[in-house]
$ cat structure_18.cif   # mmCIF, C-alpha atoms
data_protein
#
loop_
_atom_site.label_atom_id
_atom_site.label_comp_id
_atom_site.auth_asym_id
_atom_site.auth_seq_id
_atom_site.Cartn_x
_atom_site.Cartn_y
_atom_site.Cartn_z
CA MET A 18 24.81 -77.31 -35.97
CA LEU A 19 26.91 -76.27 -32.96
CA TRP A 20 24.90 -78.65 -30.84
CA ALA A 21 25.87 -81.52 -33.20
CA VAL A 22 29.53 -80.45 -33.10
CA ASN A 23 29.37 -80.45 -29.29
CA ILE A 24 27.90 -83.96 -29.27
CA VAL A 25 30.61 -85.22 -31.62
CA ALA A 26 33.33 -83.57 -29.52
CA GLY A 27 31.81 -85.08 -26.37
CA VAL A 28 31.69 -88.56 -27.89
CA PHE A 29 35.27 -88.17 -29.08
CA LEU A 30 36.43 -87.12 -25.61
CA LEU A 31 34.58 -90.03 -24.04
CA VAL A 32 36.11 -92.49 -26.52
CA LEU A 33 39.52 -90.99 -25.83
CA LEU A 34 38.98 -91.45 -22.09
CA ALA A 35 38.03 -95.08 -22.67
CA VAL A 36 40.74 -95.94 -25.22
CA ARG A 37 43.56 -94.32 -23.27
CA LYS A 38 42.11 -95.78 -20.08
CA ASN A 39 42.17 -92.33 -18.55
CA TYR A 40 38.83 -92.98 -16.86
CA ARG A 41 40.81 -94.80 -14.17
CA THR A 42 42.71 -91.67 -13.27
CA TYR A 43 39.85 -89.26 -13.90
CA ALA A 44 36.77 -91.24 -12.83
CA ALA A 45 34.65 -88.25 -11.74
CA PHE A 46 35.66 -86.31 -14.84
CA SER A 47 34.66 -89.24 -17.08
CA ILE A 48 31.29 -89.50 -15.33
CA TYR A 49 30.80 -85.77 -15.82
CA VAL A 50 31.53 -85.95 -19.55
CA PHE A 51 29.28 -88.99 -19.92
CA LEU A 52 26.43 -87.42 -17.96
CA ASN A 53 26.78 -84.18 -19.87
CA LEU A 54 26.54 -86.03 -23.16
CA ILE A 55 23.51 -88.09 -22.16
CA LEU A 56 21.66 -85.13 -20.66
CA GLY A 57 22.56 -83.01 -23.68
CA VAL A 58 20.80 -85.50 -25.94
CA LEU A 59 17.87 -85.69 -23.52
CA ALA A 60 17.60 -81.89 -23.43
CA PHE A 61 17.53 -81.82 -27.21
CA LEU A 62 14.68 -84.36 -27.24
CA VAL A 63 12.79 -82.47 -24.52
CA TYR A 64 13.05 -79.19 -26.45
CA ARG A 65 11.92 -80.96 -29.60
CA TRP A 66 8.87 -82.50 -27.95
CA LEU A 67 7.83 -79.72 -25.60
CA GLY A 68 9.20 -76.68 -27.41
CA PHE A 69 12.07 -74.41 -26.42
CA SER A 70 9.97 -71.82 -24.59
CA SER A 71 7.55 -74.08 -22.75
CA ASP A 72 7.48 -74.02 -18.98
CA ALA A 73 7.90 -77.79 -18.70
CA SER A 74 10.99 -77.96 -20.93
CA TRP A 75 12.46 -75.01 -19.00
CA ARG A 76 12.04 -76.85 -15.68
CA ILE A 77 13.27 -80.21 -17.00
CA SER A 78 16.33 -78.74 -18.66
CA TRP A 79 17.30 -76.77 -15.54
CA GLY A 80 16.81 -79.89 -13.41
CA MET A 81 19.18 -81.75 -15.69
CA GLN A 82 21.55 -78.80 -15.56
CA ALA A 83 21.58 -79.09 -11.76
CA LEU A 84 22.64 -82.74 -12.10
CA VAL A 85 25.41 -81.81 -14.52
CA LEU A 86 26.55 -79.07 -12.17
CA CYS A 87 26.84 -81.54 -9.28
CA ALA A 88 28.86 -83.87 -11.51
CA ARG A 89 31.05 -80.94 -12.51
CA GLY A 90 31.59 -80.07 -8.86
CA LEU A 91 32.82 -83.61 -8.22
CA ALA A 92 35.05 -83.54 -11.30
CA VAL A 93 36.54 -80.22 -10.17
CA MET A 94 37.17 -81.71 -6.73
CA GLU A 95 38.96 -84.60 -8.37
CA VAL A 96 41.14 -82.32 -10.48
CA CYS A 97 41.97 -80.14 -7.45
CA LYS A 98 42.96 -83.25 -5.56
CA HIS A 99 45.18 -84.34 -8.44
CA LEU A 100 46.84 -80.92 -8.43
CA LEU A 101 47.62 -80.62 -4.73
CA SER A 102 47.01 -83.80 -2.78
CA HIS A 103 50.56 -85.14 -3.27
CA TYR A 104 51.59 -82.53 -0.74
CA ARG A 105 49.64 -83.83 2.22
CA GLY A 106 50.19 -80.99 4.65
CA VAL A 107 49.51 -78.24 2.15
CA TRP A 108 46.48 -80.07 0.77
CA ALA A 109 45.01 -80.47 4.27
CA LEU A 110 45.30 -76.72 4.75
CA ALA A 111 44.23 -75.86 1.20
CA TRP A 112 40.98 -77.79 1.04
CA ARG A 113 39.73 -76.19 4.24
CA ILE A 114 40.56 -72.73 2.98
CA LEU A 115 39.07 -73.45 -0.43
CA LEU A 116 35.88 -74.75 1.14
CA GLY A 117 35.67 -71.56 3.18
CA CYS A 118 36.28 -69.49 0.04
CA ALA A 119 33.58 -71.38 -1.86
CA SER A 120 31.09 -70.71 0.95
CA LEU A 121 31.95 -67.01 0.98
CA VAL A 122 31.65 -66.80 -2.79
CA LEU A 123 28.24 -68.50 -2.65
CA LEU A 124 27.19 -65.95 -0.05
CA TYR A 125 28.54 -63.10 -2.20
CA ALA A 126 26.71 -64.41 -5.25
CA GLY A 127 23.51 -64.68 -3.22
CA LEU A 128 23.82 -61.12 -1.96
CA ALA A 129 24.91 -59.67 -5.28
CA ALA A 130 22.05 -61.27 -7.19
CA ARG A 131 18.81 -59.39 -7.54
CA HIS A 132 16.29 -60.43 -4.95
CA GLY A 133 13.10 -62.23 -5.83
CA LEU A 134 12.23 -65.74 -6.85
CA GLY A 135 12.50 -65.16 -10.57
CA PHE A 136 15.37 -66.93 -12.27
CA VAL A 137 16.18 -68.92 -9.12
CA LEU A 138 17.82 -71.77 -11.03
CA PRO A 139 20.05 -69.63 -13.24
CA LYS A 140 21.01 -67.63 -10.15
CA ALA A 141 21.88 -70.80 -8.23
CA GLU A 142 23.83 -72.08 -11.21
CA ARG A 143 25.71 -68.80 -11.48
CA ALA A 144 26.58 -68.90 -7.79
CA LEU A 145 27.90 -72.45 -8.09
CA GLU A 146 29.84 -71.59 -11.25
CA LEU A 147 31.41 -68.66 -9.46
CA ALA A 148 32.33 -70.85 -6.50
CA ILE A 149 33.87 -73.44 -8.85
CA ALA A 150 35.91 -70.77 -10.61
CA ALA A 151 37.05 -69.30 -7.28
CA VAL A 152 38.11 -72.72 -5.99
CA ILE A 153 40.15 -73.46 -9.11
CA VAL A 154 41.81 -70.05 -9.02
CA GLY A 155 42.49 -70.71 -5.33
CA VAL A 156 44.24 -73.98 -6.16
CA PHE A 157 46.38 -72.24 -8.79
CA VAL A 158 47.26 -69.55 -6.24
CA PHE A 159 48.31 -72.26 -3.79
CA LEU A 160 50.44 -73.89 -6.49
CA ARG A 161 52.11 -70.59 -7.21
CA TYR A 162 52.55 -69.63 -3.57
CA TYR A 163 54.20 -72.92 -2.65
CA ASP A 164 55.96 -73.05 -6.01
CA VAL A 165 54.98 -76.66 -6.67
CA GLU A 166 54.85 -78.28 -10.05
CA ALA A 167 51.63 -79.88 -11.24
CA LYS A 168 51.02 -82.14 -14.20
CA ARG A 169 50.25 -80.18 -17.33
CA GLU A 170 47.17 -82.35 -17.97
CA ASP A 171 45.70 -81.54 -14.56
CA ARG A 172 46.38 -77.86 -15.09
CA SER A 173 44.68 -77.93 -18.49
CA LEU A 174 41.63 -79.71 -17.10
CA ALA A 175 41.36 -77.21 -14.27
CA LEU A 176 41.85 -74.31 -16.65
CA GLY A 177 39.08 -75.62 -18.90
CA PHE A 178 36.70 -75.83 -15.95
CA CYS A 179 37.68 -72.40 -14.67
CA LEU A 180 37.30 -70.56 -17.96
CA TYR A 181 34.01 -72.28 -18.68
CA SER A 182 32.69 -71.40 -15.23
CA CYS A 183 33.80 -67.76 -15.57
CA PHE A 184 32.11 -67.56 -18.91
CA GLY A 185 28.99 -69.22 -17.49
CA VAL A 186 28.78 -66.56 -14.77
CA LEU A 187 29.05 -63.71 -17.27
CA ASN A 188 26.63 -65.34 -19.69
CA ASN A 189 24.00 -65.93 -17.00
CA THR A 190 24.41 -62.39 -15.66
CA VAL A 191 23.81 -60.90 -19.10
CA LEU A 192 20.86 -63.26 -19.58
CA GLU A 193 19.31 -62.06 -16.34
CA ARG A 194 19.63 -58.47 -17.54
CA PHE A 195 18.41 -58.78 -21.11
CA LEU A 196 16.13 -61.82 -20.76
CA ASP A 197 14.33 -62.94 -23.93
CA SER A 198 16.33 -60.86 -26.36
CA TYR A 199 19.50 -62.65 -25.26
CA VAL A 200 18.26 -66.27 -24.90
CA THR A 201 19.35 -67.45 -28.35
CA LEU A 202 22.76 -65.82 -28.13
CA TRP A 203 23.10 -67.05 -24.51
CA ASN A 204 22.52 -70.62 -25.66
CA PHE A 205 24.91 -70.29 -28.59
CA LEU A 206 27.70 -68.70 -26.54
CA GLY A 207 27.27 -71.27 -23.77
CA MET A 208 27.70 -74.11 -26.25
CA LEU A 209 30.66 -72.38 -27.86
CA ALA A 210 32.40 -71.97 -24.50
CA PHE A 211 31.75 -75.60 -23.63
CA LEU A 212 33.15 -76.69 -26.98
CA ALA A 213 36.30 -74.68 -26.31
CA SER A 214 36.67 -76.34 -22.90
CA MET A 215 36.12 -79.79 -24.41
CA LEU A 216 38.80 -79.16 -27.00
CA LEU A 217 41.20 -78.15 -24.22
CA TRP A 218 40.35 -81.31 -22.25
CA THR A 219 40.70 -83.49 -25.35
CA TRP A 220 44.12 -82.03 -26.02
CA ALA A 221 45.10 -82.55 -22.37
CA LEU A 222 43.99 -86.17 -22.32
CA ARG A 223 45.34 -87.20 -25.72
CA LYS A 224 47.92 -89.43 -24.03
CA PRO A 225 47.40 -92.13 -21.39
CA GLN A 226 47.81 -90.83 -17.87
CA THR A 227 49.47 -92.65 -15.03
CA GLU A 228 47.34 -93.07 -11.93
CA GLY A 229 48.67 -90.12 -9.99
CA SER A 230 52.29 -89.06 -9.87
CA PRO A 231 54.57 -90.78 -7.36
CA LYS A 232 54.14 -89.51 -3.82
CA GLU A 233 56.68 -87.02 -2.58
CA THR A 234 58.88 -88.29 0.19
CA LEU A 235 57.73 -86.33 3.18
CA LEU A 236 59.74 -85.08 6.11
CA PRO A 237 58.94 -86.27 9.62
CA SER A 238 56.30 -83.97 11.06
CA GLY A 239 58.66 -82.81 13.81
CA VAL A 240 60.87 -81.05 11.27
CA TYR A 241 58.11 -78.63 10.31
CA GLN A 242 57.10 -78.06 13.90
CA THR A 243 60.68 -77.14 14.75
CA LEU A 244 61.65 -75.19 11.66
CA ALA A 245 58.49 -73.24 10.81
CA PRO A 246 58.62 -71.01 13.91
CA GLN A 247 62.36 -70.51 13.33
CA PHE A 248 61.81 -69.41 9.76
CA ASN A 249 59.03 -67.07 10.83
CA LEU A 250 61.28 -65.62 13.49
CA ARG A 251 64.01 -64.91 10.91
CA LEU A 252 61.48 -63.37 8.56
CA ARG A 253 60.17 -61.22 11.39
CA LEU A 254 63.75 -60.14 12.12
CA LEU A 255 64.22 -59.01 8.55
CA ASN A 256 60.90 -57.22 8.72
CA GLU A 257 62.00 -55.45 11.89
CA GLN A 258 65.13 -54.25 10.14
CA LEU A 259 62.99 -52.71 7.45
CA VAL A 260 60.61 -51.20 10.00
CA GLN A 261 63.55 -49.61 11.82
CA PHE A 262 64.91 -48.27 8.56
CA TRP A 263 61.50 -46.89 7.70
CA LYS A 264 61.11 -45.31 11.12
CA THR A 265 64.57 -43.77 10.94
CA GLU A 266 63.71 -42.26 7.60
CA ALA A 267 60.33 -41.03 8.75
CA THR A 268 61.67 -39.50 11.98
CA ARG A 269 64.45 -37.70 10.20
CA ASN A 270 62.09 -36.38 7.55
CA MET M 13 24.73 -49.77 -15.42
CA ASN M 14 23.12 -52.58 -13.47
CA LEU M 15 24.71 -53.23 -10.06
CA THR M 16 24.45 -57.02 -10.40
CA LEU M 17 26.25 -56.79 -13.71
CA ILE M 18 29.06 -54.75 -12.15
CA LEU M 19 29.38 -57.04 -9.13
CA PHE M 20 29.62 -60.24 -11.16
CA PHE M 21 31.75 -58.87 -13.97
CA GLY M 22 34.04 -57.28 -11.40
CA PHE M 23 34.41 -60.49 -9.45
CA VAL M 24 35.15 -62.50 -12.58
CA ALA M 25 37.70 -59.89 -13.65
CA LEU M 26 39.41 -60.24 -10.26
CA LEU M 27 39.40 -64.01 -10.59
CA LEU M 28 40.94 -63.82 -14.05
CA LEU M 29 43.61 -61.42 -12.80
CA ALA M 30 44.43 -63.80 -9.95
CA LEU M 31 44.50 -66.70 -12.40
CA GLY M 32 46.86 -64.79 -14.68
CA TRP M 33 49.17 -64.06 -11.75
CA ALA M 34 49.08 -67.66 -10.57
CA LEU M 35 49.84 -69.06 -14.02
CA ARG M 36 52.68 -66.63 -14.69
CA LYS M 37 56.13 -67.96 -13.91
CA PRO M 38 57.81 -65.89 -11.20
CA ARG M 39 60.46 -63.63 -12.72
CA ASN M 40 63.27 -64.86 -10.52
CA ALA M 41 61.99 -68.33 -9.67
CA ARG M 42 64.89 -70.03 -11.33
CA ASN M 43 67.47 -67.84 -9.60
CA LEU M 44 66.30 -68.50 -6.10
CA PRO M 45 68.20 -71.19 -4.24
CA THR M 46 66.45 -74.38 -3.17
CA ASP M 47 69.53 -76.04 -1.78
CA PRO M 48 69.83 -75.42 1.96
CA HIS M 49 73.56 -74.75 1.53
CA ALA M 50 72.67 -71.96 -0.85
CA LEU M 51 71.43 -70.01 2.14
CA GLU M 52 75.05 -69.38 2.96
CA GLU M 53 75.20 -67.45 -0.32
CA GLY M 54 72.88 -64.91 1.23
CA GLN M 55 75.56 -64.19 3.76
CA ARG M 56 77.87 -62.82 1.08
CA HIS M 57 76.55 -59.29 1.31
CA VAL M 58 77.01 -59.45 5.07
CA ASP M 59 80.75 -59.99 4.46
CA TYR M 60 80.89 -56.59 2.79
CA LEU M 61 78.98 -54.79 5.49
CA PRO M 62 82.00 -53.00 7.01
CA GLN M 63 82.71 -51.45 3.61
CA ILE M 64 79.05 -50.55 3.14
CA ARG M 65 78.98 -49.03 6.61
CA GLN M 66 82.09 -47.02 5.78
CA ALA M 67 80.57 -45.85 2.50
CA LEU M 68 77.46 -44.65 4.23
CA ALA M 69 79.13 -43.00 7.22
CA ALA M 70 78.04 -39.40 7.77
CA ALA M 71 81.59 -38.31 8.58
CA ASP M 72 82.75 -39.27 5.10
CA TYR M 73 80.03 -37.23 3.51
CA ASP M 74 80.71 -34.21 5.70
CA PHE M 75 84.40 -34.42 4.89
CA LEU M 76 83.66 -34.61 1.17
CA SER M 77 81.15 -31.75 1.25
CA ARG M 78 83.89 -29.49 2.62
CA ARG M 79 86.60 -30.52 0.19
CA ALA M 80 85.16 -31.99 -3.01
CA SER M 81 83.64 -30.22 -5.97
CA ARG M 82 79.91 -30.05 -6.55
CA GLY M 83 80.11 -32.65 -9.33
CA ALA M 84 82.04 -35.09 -7.19
CA LEU M 85 79.59 -34.60 -4.38
CA GLN M 86 76.70 -35.38 -6.67
CA ARG M 87 78.41 -38.52 -7.85
CA VAL M 88 78.99 -39.61 -4.28
CA ARG M 89 75.36 -38.92 -3.48
CA LYS M 90 74.33 -41.11 -6.43
CA ASP M 91 76.71 -43.86 -5.37
CA ARG M 92 75.47 -43.79 -1.81
CA ARG M 93 71.91 -44.12 -3.05
CA GLY M 94 73.01 -47.08 -5.15
CA ILE M 95 74.57 -48.68 -2.07
CA ALA M 96 71.39 -48.21 -0.05
CA LEU M 97 69.35 -49.75 -2.86
CA ALA M 98 71.78 -52.64 -3.17
CA TYR M 99 71.53 -53.21 0.56
CA LEU M 100 67.75 -53.29 0.33
CA ALA M 101 67.96 -55.73 -2.57
CA ALA M 102 70.28 -57.98 -0.56
CA LEU M 103 67.87 -57.87 2.35
CA ARG M 104 65.11 -58.84 0.00
CA GLY M 105 67.23 -61.64 -1.44
CA ASN M 106 67.74 -63.01 2.05
CA PHE M 107 64.07 -62.74 2.78
CA GLN M 108 63.16 -64.61 -0.40
CA SER M 109 65.69 -67.37 0.23
CA LEU M 110 64.28 -67.90 3.70
CA LEU M 111 60.78 -67.82 2.35
CA ARG M 112 61.56 -70.35 -0.31
CA MET M 113 63.16 -72.70 2.19
CA ALA M 114 60.17 -72.34 4.51
CA ARG M 115 57.83 -73.19 1.65
CA VAL M 116 59.85 -76.24 0.66
CA ILE M 117 59.68 -77.48 4.24
CA ALA M 118 55.91 -76.86 4.32
CA VAL M 119 55.37 -78.65 1.02
CA LEU M 120 57.36 -81.66 2.21
CA SER M 121 55.64 -81.86 5.58
CA PRO M 122 52.76 -84.22 6.31
CA GLU M 123 51.15 -81.56 8.49
CA VAL M 124 51.31 -77.80 8.35
CA ALA M 125 49.97 -75.38 10.91
CA ALA M 126 47.64 -72.73 9.54
CA ALA M 127 48.89 -70.25 12.15
CA HIS M 128 52.50 -70.51 10.93
CA GLU M 129 51.45 -70.30 7.29
CA PHE M 130 49.26 -67.25 7.82
CA GLU M 131 51.96 -65.60 9.90
CA ARG M 132 54.43 -66.14 7.06
CA LEU M 133 51.95 -64.73 4.55
CA ARG M 134 51.44 -61.68 6.77
CA LEU M 135 55.20 -61.15 7.12
CA THR M 136 55.69 -61.55 3.37
CA THR M 137 53.02 -58.99 2.57
CA LYS M 138 54.38 -56.58 5.15
CA PHE M 139 57.92 -56.96 3.90
CA ALA M 140 56.92 -56.51 0.26
CA TRP M 141 54.97 -53.34 1.08
CA GLN M 142 57.71 -51.79 3.19
CA TYR M 143 60.42 -52.77 0.76
CA GLN M 144 58.64 -51.07 -2.12
CA MET M 145 57.87 -47.96 -0.09
CA ILE M 146 61.49 -47.51 0.99
CA ARG M 147 62.77 -48.30 -2.46
CA TRP M 148 60.52 -45.75 -4.15
CA LYS M 149 61.41 -43.21 -1.52
CA LEU M 150 65.12 -43.74 -2.13
CA MET M 151 64.78 -43.76 -5.89
CA ALA M 152 62.71 -40.61 -5.89
CA GLY M 153 65.33 -38.95 -3.69
CA PHE M 154 62.86 -38.22 -0.89
CA ALA M 155 65.39 -39.51 1.62
CA PRO M 156 68.19 -36.89 1.70
CA LEU M 157 71.49 -38.69 1.74
CA PRO M 158 72.72 -37.64 5.17
CA GLN M 159 69.67 -39.49 6.50
CA LEU M 160 71.21 -42.70 5.33
CA ASP M 161 73.43 -42.56 8.40
CA GLY M 162 70.79 -44.58 10.19
CA LEU M 163 71.43 -47.36 7.77
CA SER M 164 74.91 -48.03 9.07
CA ALA M 165 73.56 -48.71 12.55
CA LEU M 166 70.96 -50.99 11.10
CA VAL M 167 73.47 -52.78 8.98
CA SER M 168 75.88 -53.45 11.82
CA GLY M 169 73.06 -54.74 13.98
CA LEU M 170 71.83 -56.91 11.20
CA SER M 171 75.22 -58.35 10.37
CA VAL M 172 75.59 -59.90 13.80
CA ARG M 173 72.05 -61.16 14.09
CA MET M 174 71.76 -62.42 10.52
CA GLU M 175 75.08 -64.20 10.63
CA ALA M 176 74.01 -66.17 13.67
CA ALA M 177 70.51 -66.73 12.33
CA LEU M 178 71.64 -67.92 8.92
CA LYS M 179 74.22 -70.24 10.41
CA GLU M 180 71.70 -71.85 12.71
CA LEU M 181 69.08 -72.05 10.02
CA GLY M 182 71.53 -73.50 7.50
CA GLU M 183 72.46 -76.22 9.97
CA ARG M 184 68.84 -77.07 10.67
CA ALA M 185 67.88 -77.07 7.00
CA ALA M 186 70.88 -79.24 6.15
CA LEU M 187 69.74 -81.66 8.83
CA ALA M 188 66.26 -81.77 7.31
CA ALA M 189 67.72 -82.34 3.83
CA GLU M 190 69.95 -85.07 5.22
CA LEU M 191 66.94 -86.78 6.78
CA THR M 192 65.08 -86.71 3.47
CA SER M 193 67.97 -88.01 1.43
CA SER M 194 68.68 -90.78 3.92
CA MET M 195 65.04 -91.86 3.66
CA ASN M 196 65.30 -91.79 -0.12
CA ARG M 197 68.41 -93.93 -0.03
CA ARG M 198 66.62 -96.52 2.06
CA GLY M 199 63.52 -96.35 -0.15
CA LEU M 200 61.39 -95.40 2.84
CA SER M 201 58.70 -92.80 3.06
CA ALA M 202 57.83 -90.76 6.05
CA VAL M 203 54.18 -90.92 5.00
#
$ encode --input "structure_18.cif" --output "structure tokens"
Amino acid sequence: MLWAVNIVAGVFLLVLLAVRKNYRTYAAFSIYVFLNLILGVLAFLVYRWLGFSSDASWRISWGMQALVLCARGLAVMEVCKHLLSHYRGVWALAWRILLGCASLVLLYAGLAARHGLGFVLPKAERALELAIAAVIVGVFVFLRYYDVEAKREDRSLALGFCLYSCFGVLNNTVLERFLDSYVTLWNFLGMLAFLASMLLWTWALRKPQTEGSPKETLLPSGVYQTLAPQFNLRLRLLNEQLVQFWKTEATRN
Amino acid sequence: MNLTLILFFGFVALLLLALGWALRKPRNARNLPTDPHALEEGQRHVDYLPQIRQALAAADYDFLSRRASRGALQRVRKDRRGIALAYLAALRGNFQSLLRMARVIAVLSPEVAAAHEFERLRLTTKFAWQYQMIRWKLMAGFAPLPQLDGLSALVSGLSVRMEAALKELGERAALAAELTSSMNRRGLSAV
């Protein structure tokens, strides 16, 4: 039942992307939704033919999941770019930091996971989901730190990806712990979380989107080179005042 | 409890906390100036520094402790603490104005240097930590009021340095804003 609802929601989102011509703005996202839909149907057929618990269906479905995950990674990259790339300098700094963060998170997930070859695919998926969530949170932190406005639609798309990824991590972790007794619930909760994300995306893309917001007028690069050290100097001065105050207090105490 | 479970649930909890913080509107975001000329506003408290210095002078307190009643002395102590806290708040206001301007410049620049950005992040963290520590200390009354004498020396030093710094910075920021607006008028982009 939930599977059918997910398919209908996916088709609706895809139609919405086509009708509103949002696939131009969100090409990678559209491909992800399309691929997810197609592979979802294929997975259903595979389970029907080979059985839910068979080794072959397990391998095929995880292979397809890996494809979907790659597509999701690209879609997330696209959304992150939409969120920050108007600010060229900040984006150039941000994507390097985010890439570094993603690598560290992958490493963390690898170390935190139980060793052994069992459940390699779910573990890899969990690591990638965690990296995706960390990257999206990182982008939101950048937006907050630099106090820049982003389009509500982009924020909603990113939020949908982030919450789904977080849930995916938790769901896979519980699955690893409780194995067979949790498989049915794991599947149900996974679909429910995806449905929630799809509803959020559908709401975000209900209106046609313009192809990127107009570029900000940037300052000549010399301005930053001149002013940034000056600002830092002033900030350091204020810090020194506080340090002196602190030291005065501490000495007298 | 399984360690893997703790590690992953903990990490996700941290991510969600960070997400919540990032999505929350800053409390005073709308009050902070973005206009470079608004930096001059930050100078206002500097104009009152002689009075603040006078209010915090040790001689005044000594004089009062000899002549005034216990109640009056307590009120003075409370007022002096209020002045110190207000001074700290003004310092913080200045810091935040500068920070905001620096961020605007970074956002509008085609290239930013990681070293400058990390340095600013470090200074911000350091300032926030020290500010809170001093504030709590003052509020809890751990800093006996005569100790606030040191503040007057700090304040007078700061007034001279900040006045010069803010003036110079205001001029530079105004120049940057002028450059941007002139490009806008001509319909050009620096990109």
$ interface_residues --input "structure_18.cif" --of "chain A" --to "chain M" --cutoff "7 Å" --atoms "all atoms listed in the file" --output "PyMOL selection string"
chain A and resi 104-107+110+129-131+151+154+157-158+161+163+183+187+190+234-238+240-241+245-246+248-249+251-253+255-256+258-259+262-263+265-266+269
$ resolve_selection --input "structure_18.cif" --expression "the PyMOL selection byres ((chain A and resi 147) around 7)" --output "PyMOL selection string"
chain A and resi 122+143-146+148-151+182-183+186
$ atom_distance --input "structure_18.cif" --atom1 "CA of Tyr43 in chain A" --atom2 "CA of Thr227 in chain A"
10.3 Å
$ residues_around --input "structure_18.cif" --residues "Leu76 in chain M" --least-positions-apart "6" --cutoff "10 Å" --atoms "all atoms listed in the file" --output "PyMOL selection string"
chain M and resi 70+82+84-85+88
$ resolve_selection --input "structure_18.cif" --expression "the PyMOL selection byres ((chain A and resi 31) around 12)" --output "MDAnalysis selection string"
chainID A and resid 24:30 32:40 43:44 46:55 215 218:219 222:223
$ atom_distance --input "structure_18.cif" --atom1 "CA of Ser173 in chain A" --atom2 "CA of Glu95 in chain A"
13.4 Å
$ atom_distance --input "structure_18.cif" --atom1 "CA of Ser71 in chain A" --atom2 "CA of Ser198 in chain A"
16.3 Å
